[in-house]
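Reproduced below: entry23.tsv, with TSV, C-alpha atoms and all ligand atoms.
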```tsv
chain	number	residue	atom	x	y	z
A	1	MET	CA	-0.23	-3.52	-24.16
A	2	LYS	CA	-1.18	-6.29	-21.76
A	3	GLY	CA	-2.48	-5.27	-18.36
A	4	ILE	CA	0.20	-7.29	-16.55
A	5	VAL	CA	2.74	-4.66	-17.59
A	6	PHE	CA	0.58	-1.91	-16.05
A	7	THR	CA	-0.24	-3.79	-12.84
A	8	GLU	CA	3.46	-4.59	-12.31
A	9	LEU	CA	4.46	-0.99	-12.93
A	10	LEU	CA	1.94	0.36	-10.44
A	11	GLU	CA	3.00	-2.26	-7.91
A	12	LEU	CA	6.64	-1.20	-8.25
A	13	VAL	CA	5.70	2.49	-7.88
A	14	GLU	CA	3.70	1.67	-4.76
A	15	GLU	CA	6.58	-0.35	-3.32
A	16	LYS	CA	9.17	2.37	-4.00
A	17	PHE	CA	7.18	5.58	-3.58
A	18	GLY	CA	4.00	4.67	-1.70
A	19	ALA	CA	0.29	4.40	-2.48
A	20	GLU	CA	-0.26	8.19	-2.47
A	21	VAL	CA	2.21	8.65	-5.31
A	22	VAL	CA	0.33	5.99	-7.32
A	23	ASP	CA	-2.90	7.96	-6.81
A	24	VAL	CA	-1.29	11.26	-7.78
A	25	ILE	CA	0.34	10.03	-10.98
A	26	ILE	CA	-2.79	8.17	-12.08
A	27	GLU	CA	-4.81	11.33	-11.56
A	28	LYS	CA	-2.30	13.49	-13.42
A	29	ALA	CA	-1.84	11.03	-16.28
A	30	ASP	CA	-5.54	11.53	-17.06
A	31	LEU	CA	-6.17	7.90	-18.01
A	32	PRO	CA	-9.38	6.74	-19.71
A	33	ASN	CA	-10.03	4.02	-17.12
A	34	ALA	CA	-8.84	5.99	-14.08
A	35	GLY	CA	-5.94	3.60	-13.53
A	36	ALA	CA	-8.04	0.46	-13.10
A	37	TYR	CA	-6.02	-2.24	-14.88
A	38	THR	CA	-6.47	-6.01	-14.87
A	39	ALA	CA	-3.56	-8.32	-15.72
A	40	VAL	CA	-5.42	-9.96	-18.61
A	41	GLY	CA	-6.89	-6.78	-20.12
A	42	THR	CA	-5.33	-4.91	-23.05
A	43	TYR	CA	-4.64	-1.17	-22.99
A	44	ASP	CA	-3.03	1.48	-25.15
A	45	HIS	CA	0.76	1.49	-24.53
A	46	VAL	CA	0.63	5.31	-24.62
A	47	GLU	CA	-1.06	5.14	-21.19
A	48	LEU	CA	2.07	3.44	-19.83
A	49	VAL	CA	4.21	6.22	-21.26
A	50	ARG	CA	1.95	8.83	-19.62
A	51	ILE	CA	2.17	7.12	-16.21
A	52	VAL	CA	5.98	7.00	-16.39
A	53	GLN	CA	6.11	10.64	-17.58
A	54	GLN	CA	4.14	11.74	-14.54
A	55	LEU	CA	6.34	9.72	-12.21
A	56	SER	CA	9.42	11.15	-13.88
A	57	GLU	CA	8.18	14.72	-13.21
A	58	LEU	CA	7.14	14.00	-9.66
A	59	ALA	CA	10.21	12.00	-8.61
A	60	LYS	CA	12.59	14.08	-10.76
A	61	VAL	CA	14.11	10.96	-12.24
A	62	ASP	CA	14.94	10.67	-15.93
A	63	PHE	CA	12.17	8.95	-17.96
A	64	SER	CA	14.49	6.42	-19.65
A	65	GLU	CA	16.09	5.57	-16.34
A	66	LEU	CA	12.68	4.81	-14.81
A	67	VAL	CA	11.70	2.57	-17.74
A	68	LYS	CA	15.00	0.67	-17.45
A	69	VAL	CA	14.54	0.13	-13.72
A	70	PHE	CA	11.02	-1.04	-14.40
A	71	GLY	CA	12.26	-3.47	-17.10
A	72	GLU	CA	14.72	-4.98	-14.65
A	73	TYR	CA	11.96	-5.50	-12.11
A	74	LEU	CA	9.53	-6.78	-14.76
A	75	PHE	CA	11.93	-9.54	-15.79
A	76	GLY	CA	11.73	-11.05	-12.29
A	77	ARG	CA	7.95	-10.80	-12.31
A	78	LEU	CA	7.64	-12.42	-15.74
A	79	VAL	CA	9.82	-15.40	-14.85
A	80	ALA	CA	7.93	-15.80	-11.59
A	81	GLY	CA	4.66	-15.80	-13.55
A	82	TYR	CA	5.87	-18.03	-16.38
A	83	PRO	CA	8.58	-20.31	-14.89
A	84	VAL	CA	8.18	-22.74	-17.78
A	85	PHE	CA	10.24	-20.41	-20.01
A	86	LEU	CA	13.28	-20.89	-17.78
A	87	GLU	CA	13.26	-24.67	-17.79
A	88	GLY	CA	16.57	-26.03	-19.07
A	89	THR	CA	17.98	-22.52	-19.46
A	90	THR	CA	21.34	-22.04	-17.81
A	91	SER	CA	22.60	-18.65	-18.99
A	92	ALA	CA	21.35	-15.15	-19.74
A	93	GLU	CA	22.50	-15.40	-23.35
A	94	GLN	CA	20.60	-18.66	-23.87
A	95	MET	CA	17.48	-17.07	-22.39
A	96	LEU	CA	17.74	-13.88	-24.45
A	97	ARG	CA	18.32	-15.84	-27.65
A	98	SER	CA	15.04	-17.69	-27.01
A	99	VAL	CA	12.87	-14.58	-26.53
A	100	HIS	CA	11.91	-14.03	-30.16
A	101	ASP	CA	11.43	-17.59	-31.47
A	102	ILE	CA	10.19	-19.32	-28.32
A	103	ILE	CA	9.05	-17.12	-25.42
A	104	HIS	CA	7.22	-14.40	-27.28
A	105	VAL	CA	5.78	-16.98	-29.72
A	106	GLU	CA	4.19	-18.76	-26.74
A	107	VAL	CA	3.07	-15.42	-25.28
A	108	GLN	CA	1.37	-14.60	-28.60
A	109	LYS	CA	-0.46	-17.96	-28.51
A	110	LEU	CA	-1.68	-17.26	-24.97
A	111	TYR	CA	-2.64	-13.67	-25.79
A	112	PRO	CA	-3.31	-13.24	-29.52
A	113	GLU	CA	-3.83	-9.50	-28.96
A	114	ALA	CA	-0.35	-9.01	-27.41
A	115	GLU	CA	1.84	-6.55	-29.29
A	116	LEU	CA	5.34	-7.93	-29.12
A	117	PRO	CA	8.59	-6.49	-30.40
A	118	SER	CA	10.79	-8.21	-32.96
A	119	PHE	CA	14.32	-9.36	-32.06
A	120	GLY	CA	17.03	-10.34	-34.49
A	121	TYR	CA	20.21	-12.03	-33.27
A	122	ASP	CA	23.80	-12.11	-34.36
A	123	THR	CA	27.22	-12.71	-32.87
A	124	HIS	CA	29.83	-9.94	-32.99
A	125	ALA	CA	33.30	-10.83	-34.32
A	126	ASP	CA	34.53	-10.60	-30.72
A	127	GLY	CA	31.90	-13.05	-29.50
A	128	ARG	CA	29.42	-10.59	-28.00
A	129	LEU	CA	25.69	-11.15	-28.44
A	130	ILE	CA	24.00	-8.72	-30.81
A	131	MET	CA	20.28	-8.30	-30.13
A	132	HIS	CA	18.40	-6.11	-32.57
A	133	TYR	CA	15.17	-4.66	-31.18
A	134	GLN	CA	12.41	-3.38	-33.46
A	135	SER	CA	8.99	-2.17	-32.38
A	136	SER	CA	6.77	0.75	-33.33
A	137	ARG	CA	6.16	1.26	-29.60
A	138	GLY	CA	9.74	2.35	-29.01
A	139	PHE	CA	10.33	0.53	-25.74
A	140	ALA	CA	14.06	-0.03	-26.19
A	141	ASP	CA	14.58	1.20	-22.62
A	142	LEU	CA	12.27	-1.54	-21.41
A	143	ALA	CA	14.23	-4.07	-23.46
A	144	GLU	CA	17.49	-2.81	-21.93
A	145	GLY	CA	16.08	-3.16	-18.43
A	146	LEU	CA	14.81	-6.67	-19.21
A	147	ILE	CA	18.29	-7.63	-20.50
A	148	THR	CA	19.87	-6.32	-17.27
A	149	GLY	CA	17.28	-8.17	-15.19
A	150	CYS	CA	17.92	-11.35	-17.13
A	151	ALA	CA	21.69	-11.16	-16.55
A	152	LYS	CA	21.18	-10.58	-12.83
A	153	HIS	CA	18.81	-13.50	-12.63
A	154	PHE	CA	21.60	-15.78	-13.87
A	155	ASN	CA	24.16	-14.09	-11.60
A	156	GLU	CA	25.91	-12.57	-14.56
A	157	SER	CA	27.01	-9.06	-15.38
A	158	ALA	CA	26.00	-7.51	-18.70
A	159	GLU	CA	27.87	-4.67	-20.34
A	160	ILE	CA	25.35	-3.27	-22.81
A	161	GLU	CA	26.35	-1.12	-25.76
A	162	ARG	CA	23.40	0.52	-27.47
A	163	GLU	CA	23.04	1.98	-30.94
A	164	ASP	CA	19.79	3.73	-31.89
A	165	LEU	CA	19.21	3.22	-35.61
A	166	SER	CA	15.94	5.19	-35.49
A	167	GLY	CA	17.43	8.59	-34.73
A	168	GLY	CA	16.47	8.63	-31.05
A	169	LYS	CA	12.95	7.20	-31.48
A	170	CYS	CA	13.98	3.96	-29.73
A	171	THR	CA	12.04	1.90	-32.27
A	172	ASP	CA	15.08	0.31	-33.92
A	173	VAL	CA	17.96	-0.31	-31.57
A	174	ARG	CA	20.94	-2.63	-31.72
A	175	PHE	CA	22.23	-3.93	-28.39
A	176	THR	CA	25.68	-5.50	-28.23
A	177	ILE	CA	26.13	-7.35	-24.98
A	178	ARG	CA	29.13	-8.74	-23.13
A	179	PHE	CA	28.27	-11.13	-20.33
A	180	GLY	CA	30.58	-11.82	-17.45
A	181	ALA	CA	30.66	-13.27	-14.00
A	182	LEU	CA	29.10	-11.14	-11.27
A	183	VAL	CA	31.75	-10.11	-8.77
B	201	LIG	C1	9.54	-15.14	-19.19
B	201	LIG	C2	9.94	-14.29	-20.08
B	201	LIG	C3	9.06	-13.31	-20.83
B	201	LIG	C4	7.70	-13.26	-20.95
B	201	LIG	C5	6.66	-14.18	-20.34
B	201	LIG	C6	7.40	-12.08	-21.75
B	201	LIG	C7	6.14	-11.64	-22.05
B	201	LIG	C8	5.82	-10.40	-22.54
B	201	LIG	C9	4.49	-9.80	-22.54
B	201	LIG	C10	3.22	-10.45	-21.97
B	201	LIG	C11	4.60	-8.58	-23.10
B	201	LIG	C12	3.48	-7.57	-23.31
B	201	LIG	C13	2.91	-7.66	-24.69
B	201	LIG	C14	1.78	-6.67	-24.86
B	201	LIG	O1	1.75	-5.76	-24.09
B	201	LIG	O2	0.87	-6.79	-25.70
B	201	LIG	C15	6.00	-8.39	-23.45
B	201	LIG	C16	6.50	-7.26	-24.05
B	201	LIG	C17	7.83	-7.04	-24.26
B	201	LIG	N1	8.86	-7.95	-24.09
B	201	LIG	FE1	8.71	-9.79	-23.28
B	201	LIG	N2	8.55	-11.47	-22.14
B	201	LIG	C18	9.59	-12.18	-21.58
B	201	LIG	C19	10.92	-11.91	-21.69
B	201	LIG	C20	11.43	-10.84	-22.35
B	201	LIG	C21	12.85	-10.55	-22.41
B	201	LIG	C22	13.98	-11.34	-21.73
B	201	LIG	C23	12.98	-9.44	-23.16
B	201	LIG	C24	14.32	-8.87	-23.44
B	201	LIG	C25	14.66	-7.93	-24.17
B	201	LIG	C26	11.63	-9.00	-23.58
B	201	LIG	C27	11.31	-7.87	-24.29
B	201	LIG	C28	10.04	-7.30	-24.38
B	201	LIG	C29	9.76	-5.92	-24.75
B	201	LIG	C30	10.79	-4.86	-25.10
B	201	LIG	C31	8.36	-5.75	-24.69
B	201	LIG	C32	7.52	-4.45	-24.91
B	201	LIG	C33	6.73	-4.43	-26.19
B	201	LIG	C34	7.44	-3.70	-27.31
B	201	LIG	O3	8.57	-3.23	-27.16
B	201	LIG	O4	6.83	-3.59	-28.40
B	201	LIG	N3	10.74	-9.90	-23.07
B	201	LIG	N4	6.71	-9.52	-23.12
```
How does the structure come out when it is put into structure tokens?
Amino acid sequence: MKGIVFTELLELVEEKFGAEVVDVIIEKADLPNAGAYTAVGTYDHVELVRIVQQLSELAKVDFSELVKVFGEYLFGRLVAGYPVFLEGTTSAEQMLRSVHDIIHVEVQKLYPEAELPSFGYDTHADGRLIMHYQSSRGFADLAEGLITGCAKHFNESAEIEREDLSGGKCTDVRFTIRFGALV
């Protein structure tokens, strides 16, 4: 997993919980590089899971909840870092529909070693967007948080229904999303 994901996570933890908490969780997560991440480096995604697990224990907040909150935050950081992907995009649905065939394709060109998920798209009979996440890394919570962050960015609400087709492993998850106006 790209270092930018780690550096943003540690920045969020520092912002919300303070620098001491960052030190404690890095120590407890027993990481090979002692928590020294660079944005352009590549690291094992399991290290990210270990960091969040430690934070979850320390802060007594559910693991999935933490990953979702992080995803929401990460969306804002990604668009700030890569504003070109927002050009000409006027809605959350338009943006989300471009993740697989445009955004992540460009990301892969920039970072050939990036390990990106696969997204399939469909439209529900009632008009809702269906976004089908597949990745061996099982970061469906991150995807959910990114979807929420995306909706907020466009001042929209998103009601997300989630169906885990991988028996709780979060590697194969179908999201069905209804967008609305933020009130
Ligand atoms: C400006 C927009 C975006 C950029 C620049 C971007 C870029 C990236 C990058 C650099 C990674 C890390 C890849 C690696 O670690 O090797 C990543 C992972 C990921 N991205 Fe995006 N992304 C964007 C938008 C989105 C959105 C809107 C979603 C919505 C669902 C999404 C879903 C994911 C997920 C779930 C992962 C984790 C990897 C996995 O599950 O296997 N991304 N993205």
Contacts of A:Val49 at 12 Å or less, counting all atoms listed in the file, minus same-chain residues fewer than 3 places along, as a tab-separated table (two decimals) with C-alpha atoms, in the coordinates of the input?
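Writing the result to part_25.tsv gives the following:
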```tsv
chain	number	residue	atom	x	y	z
A	1	MET	CA	-0.23	-3.52	-24.16
A	5	VAL	CA	2.74	-4.66	-17.59
A	6	PHE	CA	0.58	-1.91	-16.05
A	9	LEU	CA	4.46	-0.99	-12.93
A	25	ILE	CA	0.34	10.03	-10.98
A	26	ILE	CA	-2.79	8.17	-12.08
A	29	ALA	CA	-1.84	11.03	-16.28
A	30	ASP	CA	-5.54	11.53	-17.06
A	31	LEU	CA	-6.17	7.90	-18.01
A	43	TYR	CA	-4.64	-1.17	-22.99
A	44	ASP	CA	-3.03	1.48	-25.15
A	45	HIS	CA	0.76	1.49	-24.53
A	46	VAL	CA	0.63	5.31	-24.62
A	52	VAL	CA	5.98	7.00	-16.39
A	53	GLN	CA	6.11	10.64	-17.58
A	54	GLN	CA	4.14	11.74	-14.54
A	55	LEU	CA	6.34	9.72	-12.21
A	56	SER	CA	9.42	11.15	-13.88
A	63	PHE	CA	12.17	8.95	-17.96
A	64	SER	CA	14.49	6.42	-19.65
A	66	LEU	CA	12.68	4.81	-14.81
A	67	VAL	CA	11.70	2.57	-17.74
A	137	ARG	CA	6.16	1.26	-29.60
A	138	GLY	CA	9.74	2.35	-29.01
A	139	PHE	CA	10.33	0.53	-25.74
A	141	ASP	CA	14.58	1.20	-22.62
A	142	LEU	CA	12.27	-1.54	-21.41
```
### Message
Taking only C-alpha atoms and all ligand atoms into account, name the residue in A:Ile130, A:Ala114, A:Ala125, A:Ile177 that is nearest to ligand LIG 201 (chain B).
### Response
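Ranked by minimum distance to ligand LIG 201 (chain B), first place goes to A:Ala114.
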## Note on the structure
Atom pair atom C4 of ligand LIG 201 (chain B) + atom CA of A:Val69, distance 16.7 Å
### Query
Which is closer to ligand LIG 201 (chain B) than all the others in A:Glu113, A:Glu27, A:Asp101, A:Glu72, using all atoms listed in the file?
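For ligand LIG 201 (chain B), the nearest of the candidates is A:Glu113.
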### Message
Applying 8 Å and all atoms listed in the file, which residues near A:Glu8 remain after dropping the ones on its own chain fewer than 4 positions away? List them as a list in words.
### Response
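Neighbouring residues, sequence-local ones excluded: Ile4, Leu12, Leu74 and Arg77 of chain A.
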### Message
Within 8 Å of (17.3, -10.3, -15.3) (file coordinates; all atoms listed in the file), which protein or nucleic acid residues are there? I'd like them as an MDAnalysis selection string.
### Response
chainID A and resid 72:73 75:76 92 145:154
### Query
From the set A:Leu10, A:Val61, A:Val79, A:Val183, which residue has the shortest atom-to-atom contact distance to ligand LIG 201 (chain B), counting only C-alpha atoms and all ligand atoms?
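Looking at the shortest contact to ligand LIG 201 (chain B), the residue is A:Val79.
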### Task
Rounded to one decimal place, report the atom CA of A:Glu156-atom CA of A:Ala181 distance in Å.
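Between these atoms lies a distance of 4.8 Å.
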### Query
Which residue out of A:His104, A:Arg162, A:Lys16, A:Lys60 has the minimum interatomic distance to ligand LIG 201 (chain B) when only C-alpha atoms and all ligand atoms are used?
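Selected residue with least distance to ligand LIG 201 (chain B): A:His104.
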### Query
Mind pulling up the distance from atom CA of A:Ser135 to atom CA of A:Asp172?
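Separation of atom CA of A:Asp172 and atom CA of A:Ser135: 6.8 Å.
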Please return the centre and edge lengths, in Å to one decimal, of a box with edges along x, y and z that contains all listed atoms of stretch 111-116 of chain A, widened by 6 Å on every side, as AutoDock Vina command-line options.
```
--center_x 0.8 --center_y -10.1 --center_z -27.7 --size_x 21.2 --size_y 19.1 --size_z 15.7
```
### Task
May I ask which of the residues A:Ser98, A:Pro83, A:Lys28, A:Gln134 is the closest one to A:Glu115, counting only C-alpha atoms?
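Among the listed residues, the smallest separation from A:Glu115 belongs to A:Gln134.
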Taking the block above, write stretch 34-67 of chain A with N, CA and C atoms as a PDB file, in the first residue's frame.
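See out_17.pdb below for the written result:
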```
ATOM      1  N   ALA A  34       9.480   0.930  12.164  1.00  0.00           N
ATOM      2  CA  ALA A  34       9.237   1.789  13.324  1.00  0.00           C
ATOM      3  C   ALA A  34       8.362   3.001  13.016  1.00  0.00           C
ATOM      4  N   GLY A  35       7.457   2.843  12.068  1.00  0.00           N
ATOM      5  CA  GLY A  35       6.493   3.907  11.791  1.00  0.00           C
ATOM      6  C   GLY A  35       7.018   5.034  10.930  1.00  0.00           C
ATOM      7  N   ALA A  36       8.187   4.815  10.293  1.00  0.00           N
ATOM      8  CA  ALA A  36       8.724   5.862   9.416  1.00  0.00           C
ATOM      9  C   ALA A  36       8.222   5.616   7.994  1.00  0.00           C
ATOM     10  N   TYR A  37       7.205   6.371   7.573  1.00  0.00           N
ATOM     11  CA  TYR A  37       6.636   6.191   6.241  1.00  0.00           C
ATOM     12  C   TYR A  37       6.876   7.420   5.383  1.00  0.00           C
ATOM     13  N   THR A  38       7.158   7.197   4.088  1.00  0.00           N
ATOM     14  CA  THR A  38       7.215   8.336   3.170  1.00  0.00           C
ATOM     15  C   THR A  38       6.060   8.173   2.194  1.00  0.00           C
ATOM     16  N   ALA A  39       5.513   9.305   1.729  1.00  0.00           N
ATOM     17  CA  ALA A  39       4.316   9.283   0.879  1.00  0.00           C
ATOM     18  C   ALA A  39       4.511   8.443  -0.378  1.00  0.00           C
ATOM     19  N   VAL A  40       5.728   8.413  -0.915  1.00  0.00           N
ATOM     20  CA  VAL A  40       5.936   7.706  -2.181  1.00  0.00           C
ATOM     21  C   VAL A  40       6.411   6.258  -2.000  1.00  0.00           C
ATOM     22  N   GLY A  41       6.692   5.866  -0.768  1.00  0.00           N
ATOM     23  CA  GLY A  41       7.136   4.494  -0.513  1.00  0.00           C
ATOM     24  C   GLY A  41       5.978   3.515  -0.647  1.00  0.00           C
ATOM     25  N   THR A  42       6.273   2.222  -0.577  1.00  0.00           N
ATOM     26  CA  THR A  42       5.227   1.200  -0.638  1.00  0.00           C
ATOM     27  C   THR A  42       5.426   0.247   0.533  1.00  0.00           C
ATOM     28  N   TYR A  43       4.336  -0.044   1.240  1.00  0.00           N
ATOM     29  CA  TYR A  43       4.425  -0.854   2.457  1.00  0.00           C
ATOM     30  C   TYR A  43       3.326  -1.905   2.459  1.00  0.00           C
ATOM     31  N   ASP A  44       3.502  -2.895   3.310  1.00  0.00           N
ATOM     32  CA  ASP A  44       2.515  -3.970   3.419  1.00  0.00           C
ATOM     33  C   ASP A  44       1.220  -3.412   4.044  1.00  0.00           C
ATOM     34  N   HIS A  45       0.082  -3.658   3.387  1.00  0.00           N
ATOM     35  CA  HIS A  45      -1.185  -3.098   3.893  1.00  0.00           C
ATOM     36  C   HIS A  45      -1.530  -3.650   5.281  1.00  0.00           C
ATOM     37  N   VAL A  46      -0.942  -4.795   5.634  1.00  0.00           N
ATOM     38  CA  VAL A  46      -1.202  -5.392   6.954  1.00  0.00           C
ATOM     39  C   VAL A  46      -0.709  -4.451   8.064  1.00  0.00           C
ATOM     40  N   GLU A  47       0.320  -3.655   7.753  1.00  0.00           N
ATOM     41  CA  GLU A  47       0.825  -2.691   8.753  1.00  0.00           C
ATOM     42  C   GLU A  47      -0.259  -1.659   9.070  1.00  0.00           C
ATOM     43  N   LEU A  48      -1.022  -1.279   8.036  1.00  0.00           N
ATOM     44  CA  LEU A  48      -2.094  -0.295   8.245  1.00  0.00           C
ATOM     45  C   LEU A  48      -3.168  -0.895   9.162  1.00  0.00           C
ATOM     46  N   VAL A  49      -3.467  -2.154   8.926  1.00  0.00           N
ATOM     47  CA  VAL A  49      -4.460  -2.849   9.747  1.00  0.00           C
ATOM     48  C   VAL A  49      -3.965  -2.886  11.201  1.00  0.00           C
ATOM     49  N   ARG A  50      -2.680  -3.174  11.384  1.00  0.00           N
ATOM     50  CA  ARG A  50      -2.134  -3.255  12.748  1.00  0.00           C
ATOM     51  C   ARG A  50      -2.191  -1.903  13.462  1.00  0.00           C
ATOM     52  N   ILE A  51      -1.910  -0.829  12.735  1.00  0.00           N
ATOM     53  CA  ILE A  51      -1.963   0.514  13.337  1.00  0.00           C
ATOM     54  C   ILE A  51      -3.389   0.813  13.795  1.00  0.00           C
ATOM     55  N   VAL A  52      -4.366   0.524  12.908  1.00  0.00           N
ATOM     56  CA  VAL A  52      -5.760   0.820  13.259  1.00  0.00           C
ATOM     57  C   VAL A  52      -6.227  -0.082  14.403  1.00  0.00           C
ATOM     58  N   GLN A  53      -5.764  -1.332  14.422  1.00  0.00           N
ATOM     59  CA  GLN A  53      -6.135  -2.237  15.529  1.00  0.00           C
ATOM     60  C   GLN A  53      -5.660  -1.673  16.870  1.00  0.00           C
ATOM     61  N   GLN A  54      -4.446  -1.170  16.890  1.00  0.00           N
ATOM     62  CA  GLN A  54      -3.911  -0.608  18.134  1.00  0.00           C
ATOM     63  C   GLN A  54      -4.702   0.623  18.565  1.00  0.00           C
ATOM     64  N   LEU A  55      -5.025   1.466  17.586  1.00  0.00           N
ATOM     65  CA  LEU A  55      -5.797   2.664  17.906  1.00  0.00           C
ATOM     66  C   LEU A  55      -7.172   2.277  18.422  1.00  0.00           C
ATOM     67  N   SER A  56      -7.753   1.260  17.800  1.00  0.00           N
ATOM     68  CA  SER A  56      -9.072   0.789  18.191  1.00  0.00           C
ATOM     69  C   SER A  56      -9.062   0.336  19.658  1.00  0.00           C
ATOM     70  N   GLU A  57      -8.014  -0.402  20.055  1.00  0.00           N
ATOM     71  CA  GLU A  57      -7.898  -0.856  21.451  1.00  0.00           C
ATOM     72  C   GLU A  57      -7.711   0.304  22.402  1.00  0.00           C
ATOM     73  N   LEU A  58      -6.821   1.211  22.022  1.00  0.00           N
ATOM     74  CA  LEU A  58      -6.484   2.333  22.891  1.00  0.00           C
ATOM     75  C   LEU A  58      -7.651   3.312  23.049  1.00  0.00           C
ATOM     76  N   ALA A  59      -8.305   3.634  21.931  1.00  0.00           N
ATOM     77  CA  ALA A  59      -9.369   4.644  21.955  1.00  0.00           C
ATOM     78  C   ALA A  59     -10.735   4.016  22.227  1.00  0.00           C
ATOM     79  N   LYS A  60     -10.772   2.672  22.268  1.00  0.00           N
ATOM     80  CA  LYS A  60     -12.021   1.937  22.480  1.00  0.00           C
ATOM     81  C   LYS A  60     -13.096   2.355  21.473  1.00  0.00           C
ATOM     82  N   VAL A  61     -12.649   2.411  20.220  1.00  0.00           N
ATOM     83  CA  VAL A  61     -13.574   2.703  19.123  1.00  0.00           C
ATOM     84  C   VAL A  61     -13.498   1.519  18.167  1.00  0.00           C
ATOM     85  N   ASP A  62     -14.658   1.097  17.686  1.00  0.00           N
ATOM     86  CA  ASP A  62     -14.751  -0.031  16.777  1.00  0.00           C
ATOM     87  C   ASP A  62     -13.807   0.124  15.570  1.00  0.00           C
ATOM     88  N   PHE A  63     -13.121  -0.953  15.212  1.00  0.00           N
ATOM     89  CA  PHE A  63     -12.143  -0.963  14.119  1.00  0.00           C
ATOM     90  C   PHE A  63     -12.748  -0.447  12.801  1.00  0.00           C
ATOM     91  N   SER A  64     -13.902  -1.019  12.418  1.00  0.00           N
ATOM     92  CA  SER A  64     -14.532  -0.623  11.148  1.00  0.00           C
ATOM     93  C   SER A  64     -14.897   0.848  11.144  1.00  0.00           C
ATOM     94  N   GLU A  65     -15.364   1.306  12.313  1.00  0.00           N
ATOM     95  CA  GLU A  65     -15.765   2.708  12.424  1.00  0.00           C
ATOM     96  C   GLU A  65     -14.558   3.608  12.179  1.00  0.00           C
ATOM     97  N   LEU A  66     -13.415   3.242  12.759  1.00  0.00           N
ATOM     98  CA  LEU A  66     -12.197   4.040  12.582  1.00  0.00           C
ATOM     99  C   LEU A  66     -11.778   4.070  11.114  1.00  0.00           C
ATOM    100  N   VAL A  67     -11.856   2.913  10.445  1.00  0.00           N
ATOM    101  CA  VAL A  67     -11.434   2.870   9.034  1.00  0.00           C
ATOM    102  C   VAL A  67     -12.369   3.732   8.182  1.00  0.00           C
TER     103      VAL A  67
END
```
